[in-house]
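Source file: data-v4.txt. Holds: compact mmCIF, N, CA and C atoms.
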```txt
# COMPACT_ATOMS: atom_id res chain seq x y z
N GLU A 1 87.01 -38.26 14.75
CA GLU A 1 86.36 -37.54 13.68
C GLU A 1 85.29 -38.41 13.01
N GLY A 2 85.48 -39.67 12.91
CA GLY A 2 84.51 -40.57 12.31
C GLY A 2 83.24 -40.62 13.13
N GLU A 3 83.43 -40.56 14.49
CA GLU A 3 82.24 -40.59 15.37
C GLU A 3 81.41 -39.33 15.14
N GLY A 4 82.03 -38.18 15.04
CA GLY A 4 81.32 -36.93 14.81
C GLY A 4 80.58 -36.94 13.48
N MET A 5 81.26 -37.58 12.51
CA MET A 5 80.65 -37.66 11.19
C MET A 5 79.43 -38.57 11.22
N ARG A 6 79.53 -39.68 11.96
CA ARG A 6 78.39 -40.59 12.06
C ARG A 6 77.24 -39.91 12.80
N ARG A 7 77.57 -39.19 13.86
CA ARG A 7 76.55 -38.49 14.63
C ARG A 7 75.87 -37.43 13.75
N ALA A 8 76.65 -36.69 12.99
CA ALA A 8 76.10 -35.67 12.11
C ALA A 8 75.19 -36.32 11.05
N LEU A 9 75.65 -37.48 10.55
CA LEU A 9 74.86 -38.20 9.56
C LEU A 9 73.57 -38.71 10.19
N ARG A 10 73.64 -39.24 11.41
CA ARG A 10 72.46 -39.73 12.13
C ARG A 10 71.50 -38.56 12.40
N ASP A 11 72.05 -37.44 12.84
CA ASP A 11 71.21 -36.26 13.10
C ASP A 11 70.54 -35.78 11.81
N ALA A 12 71.27 -35.83 10.74
CA ALA A 12 70.72 -35.40 9.46
C ALA A 12 69.60 -36.33 9.03
N ARG A 13 69.80 -37.66 9.25
CA ARG A 13 68.75 -38.62 8.91
C ARG A 13 67.52 -38.39 9.80
N ASP A 14 67.76 -38.16 11.10
CA ASP A 14 66.64 -37.89 12.02
C ASP A 14 65.89 -36.63 11.57
N ASP A 15 66.66 -35.59 11.21
CA ASP A 15 66.03 -34.35 10.74
C ASP A 15 65.22 -34.61 9.46
N LYS A 16 65.82 -35.45 8.56
CA LYS A 16 65.11 -35.77 7.31
C LYS A 16 63.85 -36.56 7.62
N ASP A 17 63.91 -37.52 8.54
CA ASP A 17 62.73 -38.32 8.90
C ASP A 17 61.65 -37.42 9.51
N LYS A 18 62.09 -36.50 10.37
CA LYS A 18 61.14 -35.56 10.98
C LYS A 18 60.50 -34.68 9.90
N ALA A 19 61.31 -34.20 8.96
CA ALA A 19 60.81 -33.36 7.88
C ALA A 19 59.86 -34.15 7.00
N ASP A 20 60.20 -35.42 6.72
CA ASP A 20 59.32 -36.26 5.91
C ASP A 20 57.98 -36.49 6.63
N ALA A 21 58.06 -36.73 7.94
CA ALA A 21 56.82 -36.94 8.71
C ALA A 21 56.00 -35.65 8.72
N GLN A 22 56.66 -34.52 8.90
CA GLN A 22 55.95 -33.23 8.88
C GLN A 22 55.32 -32.99 7.52
N LEU A 23 56.05 -33.30 6.46
CA LEU A 23 55.54 -33.14 5.10
C LEU A 23 54.32 -34.04 4.87
N ALA A 24 54.39 -35.29 5.36
CA ALA A 24 53.27 -36.22 5.22
C ALA A 24 52.04 -35.68 5.96
N ARG A 25 52.26 -35.14 7.19
CA ARG A 25 51.14 -34.56 7.94
C ARG A 25 50.56 -33.36 7.20
N GLU A 26 51.41 -32.51 6.65
CA GLU A 26 50.94 -31.34 5.91
C GLU A 26 50.20 -31.74 4.64
N ARG A 27 50.67 -32.80 3.98
CA ARG A 27 49.97 -33.29 2.79
C ARG A 27 48.59 -33.83 3.16
N GLU A 28 48.51 -34.50 4.32
CA GLU A 28 47.21 -35.01 4.79
C GLU A 28 46.26 -33.84 5.09
N VAL A 29 46.79 -32.79 5.73
CA VAL A 29 45.98 -31.61 6.02
C VAL A 29 45.52 -30.97 4.71
N VAL A 30 46.40 -30.87 3.74
CA VAL A 30 46.04 -30.29 2.44
C VAL A 30 44.95 -31.14 1.78
N ALA A 31 45.06 -32.47 1.84
CA ALA A 31 44.04 -33.34 1.26
C ALA A 31 42.70 -33.14 1.97
N GLN A 32 42.74 -33.04 3.30
CA GLN A 32 41.51 -32.81 4.05
C GLN A 32 40.90 -31.45 3.69
N LEU A 33 41.75 -30.44 3.56
CA LEU A 33 41.25 -29.12 3.18
C LEU A 33 40.64 -29.13 1.78
N ARG A 34 41.26 -29.90 0.87
CA ARG A 34 40.69 -30.02 -0.48
C ARG A 34 39.31 -30.67 -0.42
N ASP A 35 39.17 -31.71 0.41
CA ASP A 35 37.86 -32.38 0.56
C ASP A 35 36.82 -31.39 1.11
N VAL A 36 37.23 -30.63 2.13
CA VAL A 36 36.30 -29.65 2.71
C VAL A 36 35.94 -28.61 1.65
N LEU A 37 36.91 -28.14 0.90
CA LEU A 37 36.65 -27.15 -0.14
C LEU A 37 35.69 -27.71 -1.18
N THR A 38 35.90 -28.96 -1.59
CA THR A 38 35.01 -29.59 -2.56
C THR A 38 33.58 -29.67 -2.01
N GLN A 39 33.47 -30.04 -0.74
CA GLN A 39 32.14 -30.10 -0.11
C GLN A 39 31.49 -28.72 -0.08
N GLN A 40 32.27 -27.72 0.28
CA GLN A 40 31.74 -26.35 0.35
C GLN A 40 31.33 -25.86 -1.03
N GLU A 41 32.11 -26.19 -2.05
CA GLU A 41 31.74 -25.79 -3.41
C GLU A 41 30.43 -26.45 -3.82
N GLY A 42 30.23 -27.71 -3.43
CA GLY A 42 28.97 -28.39 -3.71
C GLY A 42 27.81 -27.70 -3.01
N LYS A 43 28.04 -27.31 -1.75
CA LYS A 43 26.99 -26.61 -1.01
C LYS A 43 26.66 -25.28 -1.67
N VAL A 44 27.70 -24.56 -2.11
CA VAL A 44 27.48 -23.27 -2.78
C VAL A 44 26.64 -23.48 -4.04
N GLN A 45 26.96 -24.51 -4.81
CA GLN A 45 26.21 -24.78 -6.04
C GLN A 45 24.75 -25.10 -5.71
N ARG A 46 24.52 -25.90 -4.66
CA ARG A 46 23.15 -26.23 -4.27
C ARG A 46 22.41 -24.97 -3.80
N LEU A 47 23.10 -24.12 -3.05
CA LEU A 47 22.47 -22.89 -2.59
C LEU A 47 22.12 -21.97 -3.76
N LYS A 48 23.01 -21.91 -4.74
CA LYS A 48 22.72 -21.09 -5.93
C LYS A 48 21.51 -21.65 -6.67
N ALA A 49 21.42 -22.97 -6.78
CA ALA A 49 20.27 -23.58 -7.43
C ALA A 49 18.99 -23.28 -6.65
N MET A 50 19.07 -23.35 -5.32
CA MET A 50 17.91 -23.04 -4.48
C MET A 50 17.52 -21.57 -4.64
N GLU A 51 18.50 -20.70 -4.71
CA GLU A 51 18.22 -19.28 -4.88
C GLU A 51 17.51 -19.04 -6.21
N ASN A 52 17.98 -19.70 -7.27
CA ASN A 52 17.33 -19.55 -8.58
C ASN A 52 15.89 -20.07 -8.52
N GLU A 53 15.70 -21.20 -7.85
CA GLU A 53 14.35 -21.76 -7.71
C GLU A 53 13.46 -20.80 -6.92
N ASN A 54 14.00 -20.21 -5.85
CA ASN A 54 13.24 -19.25 -5.06
C ASN A 54 12.86 -18.03 -5.89
N LEU A 55 13.77 -17.54 -6.71
CA LEU A 55 13.46 -16.40 -7.58
C LEU A 55 12.34 -16.77 -8.56
N HIS A 56 12.44 -17.97 -9.10
CA HIS A 56 11.41 -18.45 -10.03
C HIS A 56 10.05 -18.53 -9.32
N LEU A 57 10.05 -19.08 -8.11
CA LEU A 57 8.81 -19.19 -7.34
C LEU A 57 8.26 -17.81 -6.98
N ALA A 58 9.15 -16.89 -6.62
CA ALA A 58 8.71 -15.53 -6.26
C ALA A 58 8.06 -14.86 -7.48
N ARG A 59 8.66 -15.05 -8.65
CA ARG A 59 8.06 -14.46 -9.86
C ARG A 59 6.69 -15.08 -10.13
N GLY A 60 6.60 -16.40 -9.96
CA GLY A 60 5.32 -17.08 -10.15
C GLY A 60 4.27 -16.60 -9.16
N LEU A 61 4.68 -16.41 -7.92
CA LEU A 61 3.76 -15.91 -6.89
C LEU A 61 3.29 -14.51 -7.24
N ALA A 62 4.21 -13.66 -7.66
CA ALA A 62 3.83 -12.29 -8.04
C ALA A 62 2.85 -12.31 -9.21
N ALA A 63 3.10 -13.17 -10.18
CA ALA A 63 2.19 -13.28 -11.33
C ALA A 63 0.82 -13.79 -10.88
N ALA A 64 0.81 -14.75 -9.96
CA ALA A 64 -0.46 -15.28 -9.46
C ALA A 64 -1.23 -14.21 -8.68
N GLN A 65 -0.50 -13.41 -7.90
CA GLN A 65 -1.16 -12.34 -7.15
C GLN A 65 -1.73 -11.30 -8.10
N ASP A 66 -0.99 -10.97 -9.16
CA ASP A 66 -1.50 -10.03 -10.16
C ASP A 66 -2.75 -10.59 -10.82
N GLU A 67 -2.73 -11.87 -11.15
CA GLU A 67 -3.89 -12.50 -11.78
C GLU A 67 -5.08 -12.51 -10.83
N LYS A 68 -4.83 -12.73 -9.55
CA LYS A 68 -5.91 -12.71 -8.55
C LYS A 68 -6.54 -11.32 -8.49
N ILE A 69 -5.71 -10.30 -8.49
CA ILE A 69 -6.22 -8.92 -8.44
C ILE A 69 -7.04 -8.63 -9.70
N ARG A 70 -6.52 -9.08 -10.85
CA ARG A 70 -7.27 -8.87 -12.10
C ARG A 70 -8.62 -9.59 -12.03
N ALA A 71 -8.62 -10.82 -11.51
CA ALA A 71 -9.87 -11.58 -11.41
C ALA A 71 -10.84 -10.91 -10.44
N GLU A 72 -10.32 -10.40 -9.33
CA GLU A 72 -11.19 -9.71 -8.37
C GLU A 72 -11.79 -8.46 -9.01
N ASN A 73 -10.98 -7.72 -9.74
CA ASN A 73 -11.49 -6.52 -10.42
C ASN A 73 -12.54 -6.89 -11.46
N GLU A 74 -12.28 -7.96 -12.20
CA GLU A 74 -13.24 -8.41 -13.20
C GLU A 74 -14.53 -8.87 -12.54
N THR A 75 -14.42 -9.56 -11.41
CA THR A 75 -15.60 -10.00 -10.66
C THR A 75 -16.40 -8.80 -10.18
N GLU A 76 -15.71 -7.79 -9.69
CA GLU A 76 -16.40 -6.58 -9.21
C GLU A 76 -17.13 -5.90 -10.37
N ARG A 77 -16.47 -5.82 -11.53
CA ARG A 77 -17.13 -5.22 -12.69
C ARG A 77 -18.35 -6.05 -13.10
N ALA A 78 -18.22 -7.38 -13.04
CA ALA A 78 -19.34 -8.25 -13.39
C ALA A 78 -20.49 -8.07 -12.41
N LYS A 79 -20.17 -7.92 -11.12
CA LYS A 79 -21.23 -7.68 -10.11
C LYS A 79 -21.95 -6.37 -10.40
N GLU A 80 -21.18 -5.33 -10.71
CA GLU A 80 -21.78 -4.04 -11.02
C GLU A 80 -22.69 -4.14 -12.24
N LEU A 81 -22.22 -4.85 -13.26
CA LEU A 81 -23.03 -5.03 -14.46
C LEU A 81 -24.29 -5.82 -14.13
N LEU A 82 -24.16 -6.87 -13.33
CA LEU A 82 -25.31 -7.68 -12.95
C LEU A 82 -26.32 -6.85 -12.16
N ASN A 83 -25.81 -6.05 -11.22
CA ASN A 83 -26.71 -5.18 -10.46
C ASN A 83 -27.45 -4.22 -11.39
N SER A 84 -26.74 -3.66 -12.33
CA SER A 84 -27.36 -2.74 -13.28
C SER A 84 -28.42 -3.47 -14.10
N GLN A 85 -28.10 -4.66 -14.56
CA GLN A 85 -29.06 -5.43 -15.35
C GLN A 85 -30.26 -5.83 -14.50
N ASN A 86 -30.01 -6.19 -13.23
CA ASN A 86 -31.12 -6.53 -12.34
C ASN A 86 -32.04 -5.33 -12.13
N GLN A 87 -31.44 -4.15 -12.00
CA GLN A 87 -32.26 -2.94 -11.86
C GLN A 87 -33.08 -2.70 -13.11
N GLN A 88 -32.46 -2.89 -14.26
CA GLN A 88 -33.18 -2.71 -15.52
C GLN A 88 -34.32 -3.72 -15.63
N LEU A 89 -34.06 -4.96 -15.22
CA LEU A 89 -35.10 -5.99 -15.26
C LEU A 89 -36.25 -5.64 -14.31
N ALA A 90 -35.90 -5.14 -13.12
CA ALA A 90 -36.94 -4.77 -12.17
C ALA A 90 -37.82 -3.67 -12.75
N VAL A 91 -37.21 -2.68 -13.39
CA VAL A 91 -37.97 -1.60 -14.01
C VAL A 91 -38.84 -2.17 -15.13
N MET A 92 -38.24 -3.06 -15.94
CA MET A 92 -39.01 -3.66 -17.04
C MET A 92 -40.15 -4.52 -16.51
N ASN A 93 -39.90 -5.30 -15.46
CA ASN A 93 -40.97 -6.12 -14.87
C ASN A 93 -42.09 -5.24 -14.32
N HIS A 94 -41.69 -4.16 -13.67
CA HIS A 94 -42.71 -3.24 -13.15
C HIS A 94 -43.52 -2.65 -14.31
N GLU A 95 -42.83 -2.28 -15.37
CA GLU A 95 -43.51 -1.71 -16.52
C GLU A 95 -44.46 -2.74 -17.14
N ILE A 96 -44.01 -3.99 -17.21
CA ILE A 96 -44.87 -5.07 -17.73
C ILE A 96 -46.11 -5.20 -16.86
N GLU A 97 -45.91 -5.21 -15.55
CA GLU A 97 -47.04 -5.33 -14.62
C GLU A 97 -47.98 -4.12 -14.74
N ARG A 98 -47.40 -2.93 -14.91
CA ARG A 98 -48.22 -1.73 -15.06
C ARG A 98 -49.07 -1.83 -16.34
N ILE A 99 -48.44 -2.32 -17.41
CA ILE A 99 -49.18 -2.46 -18.67
C ILE A 99 -50.27 -3.51 -18.52
N ARG A 100 -49.97 -4.61 -17.84
CA ARG A 100 -50.99 -5.63 -17.60
C ARG A 100 -52.14 -5.06 -16.78
N SER A 101 -51.77 -4.26 -15.79
CA SER A 101 -52.81 -3.65 -14.96
C SER A 101 -53.67 -2.71 -15.78
N LEU A 102 -53.00 -1.93 -16.66
CA LEU A 102 -53.77 -1.03 -17.52
C LEU A 102 -54.71 -1.84 -18.41
N ASN A 103 -54.20 -2.94 -18.92
CA ASN A 103 -55.03 -3.80 -19.77
C ASN A 103 -56.18 -4.39 -18.97
N ALA A 104 -55.97 -4.60 -17.67
CA ALA A 104 -57.02 -5.17 -16.83
C ALA A 104 -57.91 -4.07 -16.24
N GLY A 105 -57.61 -2.81 -16.51
CA GLY A 105 -58.43 -1.73 -16.01
C GLY A 105 -57.91 -1.12 -14.73
N ARG A 106 -56.81 -1.54 -14.19
CA ARG A 106 -56.24 -0.94 -12.98
C ARG A 106 -55.10 -0.02 -13.41
N THR A 107 -54.65 0.84 -12.50
CA THR A 107 -53.51 1.69 -12.78
C THR A 107 -52.48 1.52 -11.68
N LEU A 108 -51.21 1.55 -12.05
CA LEU A 108 -50.09 1.49 -11.11
C LEU A 108 -49.28 2.76 -11.29
N PRO A 109 -48.60 3.21 -10.24
CA PRO A 109 -47.73 4.38 -10.42
C PRO A 109 -46.55 4.04 -11.32
N ALA A 110 -45.95 5.06 -11.89
CA ALA A 110 -44.76 4.87 -12.72
C ALA A 110 -43.64 4.29 -11.86
N PRO A 111 -42.74 3.52 -12.45
CA PRO A 111 -41.67 2.90 -11.65
C PRO A 111 -40.75 3.95 -11.04
N GLN A 112 -40.27 3.65 -9.83
CA GLN A 112 -39.33 4.53 -9.15
C GLN A 112 -37.92 4.19 -9.64
N PRO A 113 -37.07 5.17 -9.88
CA PRO A 113 -35.68 4.83 -10.27
C PRO A 113 -34.99 4.11 -9.12
N LEU A 114 -34.28 3.06 -9.46
CA LEU A 114 -33.59 2.28 -8.43
C LEU A 114 -32.21 2.87 -8.18
N SER A 115 -31.82 2.85 -6.94
CA SER A 115 -30.52 3.39 -6.55
C SER A 115 -29.46 2.31 -6.69
N SER A 116 -28.26 2.69 -7.14
CA SER A 116 -27.18 1.71 -7.25
C SER A 116 -26.39 1.60 -5.96
N THR A 117 -26.67 2.49 -5.00
CA THR A 117 -25.97 2.41 -3.72
C THR A 117 -26.95 2.04 -2.64
N ALA A 118 -26.57 1.12 -1.77
CA ALA A 118 -27.48 0.58 -0.77
C ALA A 118 -27.65 1.53 0.40
N HIS A 119 -26.77 2.49 0.61
CA HIS A 119 -26.82 3.31 1.80
C HIS A 119 -27.74 4.53 1.67
N GLN A 120 -28.32 4.74 0.50
CA GLN A 120 -29.22 5.88 0.35
C GLN A 120 -30.56 5.56 1.01
N THR A 121 -31.30 6.61 1.33
CA THR A 121 -32.59 6.42 1.98
C THR A 121 -33.57 5.80 1.00
N PRO A 122 -34.44 4.93 1.49
CA PRO A 122 -35.40 4.28 0.57
C PRO A 122 -36.42 5.29 0.07
N PRO A 123 -37.09 5.00 -1.03
CA PRO A 123 -38.12 5.92 -1.55
C PRO A 123 -39.26 6.03 -0.54
N ARG A 124 -39.99 7.14 -0.59
CA ARG A 124 -41.07 7.39 0.38
C ARG A 124 -42.29 6.55 0.08
N THR A 125 -42.50 6.19 -1.15
CA THR A 125 -43.65 5.35 -1.48
C THR A 125 -43.22 3.89 -1.37
N PRO A 126 -44.13 3.03 -0.97
CA PRO A 126 -43.75 1.62 -0.87
C PRO A 126 -43.41 1.06 -2.24
N PRO A 127 -42.52 0.09 -2.28
CA PRO A 127 -42.15 -0.47 -3.60
C PRO A 127 -43.35 -1.17 -4.22
N PRO A 128 -43.35 -1.31 -5.53
CA PRO A 128 -44.47 -1.97 -6.20
C PRO A 128 -44.51 -3.44 -5.79
N PRO A 129 -45.69 -4.04 -5.82
CA PRO A 129 -45.77 -5.47 -5.47
C PRO A 129 -45.01 -6.29 -6.50
N PRO A 130 -44.53 -7.45 -6.09
CA PRO A 130 -43.80 -8.27 -7.07
C PRO A 130 -44.75 -8.80 -8.13
N PRO A 131 -44.22 -9.09 -9.29
CA PRO A 131 -45.07 -9.63 -10.36
C PRO A 131 -45.61 -11.01 -9.95
N PRO A 132 -46.63 -11.47 -10.59
CA PRO A 132 -47.15 -12.81 -10.29
C PRO A 132 -46.08 -13.87 -10.51
N PRO A 133 -46.22 -15.00 -9.84
CA PRO A 133 -45.20 -16.06 -9.97
C PRO A 133 -44.94 -16.51 -11.38
N SER A 134 -45.90 -16.40 -12.27
CA SER A 134 -45.70 -16.87 -13.64
C SER A 134 -44.57 -16.10 -14.31
N ILE A 135 -44.39 -14.82 -13.97
CA ILE A 135 -43.31 -14.03 -14.55
C ILE A 135 -41.97 -14.52 -14.03
N TRP A 136 -41.92 -14.81 -12.73
CA TRP A 136 -40.65 -15.24 -12.13
C TRP A 136 -40.23 -16.62 -12.64
N CYS A 137 -41.18 -17.47 -12.91
CA CYS A 137 -40.85 -18.85 -13.28
C CYS A 137 -40.61 -19.00 -14.77
N SER A 138 -41.16 -18.11 -15.59
CA SER A 138 -41.04 -18.29 -17.03
C SER A 138 -39.62 -17.99 -17.49
N GLY A 139 -39.13 -18.83 -18.33
CA GLY A 139 -37.81 -18.59 -18.92
C GLY A 139 -36.67 -18.87 -17.98
N GLY A 140 -36.89 -19.38 -16.84
CA GLY A 140 -35.96 -19.89 -15.94
C GLY A 140 -35.03 -19.15 -15.20
```

As structure tokens:
Amino acid sequence: EGEGMRRALRDARDDKDKADAQLAREREVVAQLRDVLTQQEGKVQRLKAMENENLHLARGLAAAQDEKIRAENETERAKELLNSQNQQLAVMNHEIERIRSLNAGRTLPAPQPLSSTAHQTPPRTPPPPPPPPSIWCSGG
């Protein structure tokens, strides 16, 4: 009976040693899993920060695109205004030249209205001659 008891005690110790070894292995696996989880949480935080940065950049890009469109529209309006003013100047220059011609004893036809669109047919009469260079150079 003592031998059976010793064998049972030895078997119990072996079982306990095996259980302790298994527990140690499982604790190591748990520690490794915790490390992996910590790394993954860090990656998630970095990805969230990158996502926030991307949203910020996307908003900035959208604002820049809106500003570009506004600037293009403003440029187009400025071109239209400049064209209109150039047409007015051409009419005024022609009128000045006509008055000078009248003062010099010559006559010029009345100015032709200028078209704001380039695709229309040109007037049937030739355009008036350009003013003398002194007009173009004066006032810069």

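Computed from the coordinates, the atom N of A:Gln40 to atom C of A:Glu26 distance equals 18.9 Å.
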
What separates atom C of A:Glu67 and atom N of A:Lys79 is a distance of 15.8 Å

Mind pulling up the distance from atom N of A:Asn73 to atom C of A:Leu61? 16.0 Å
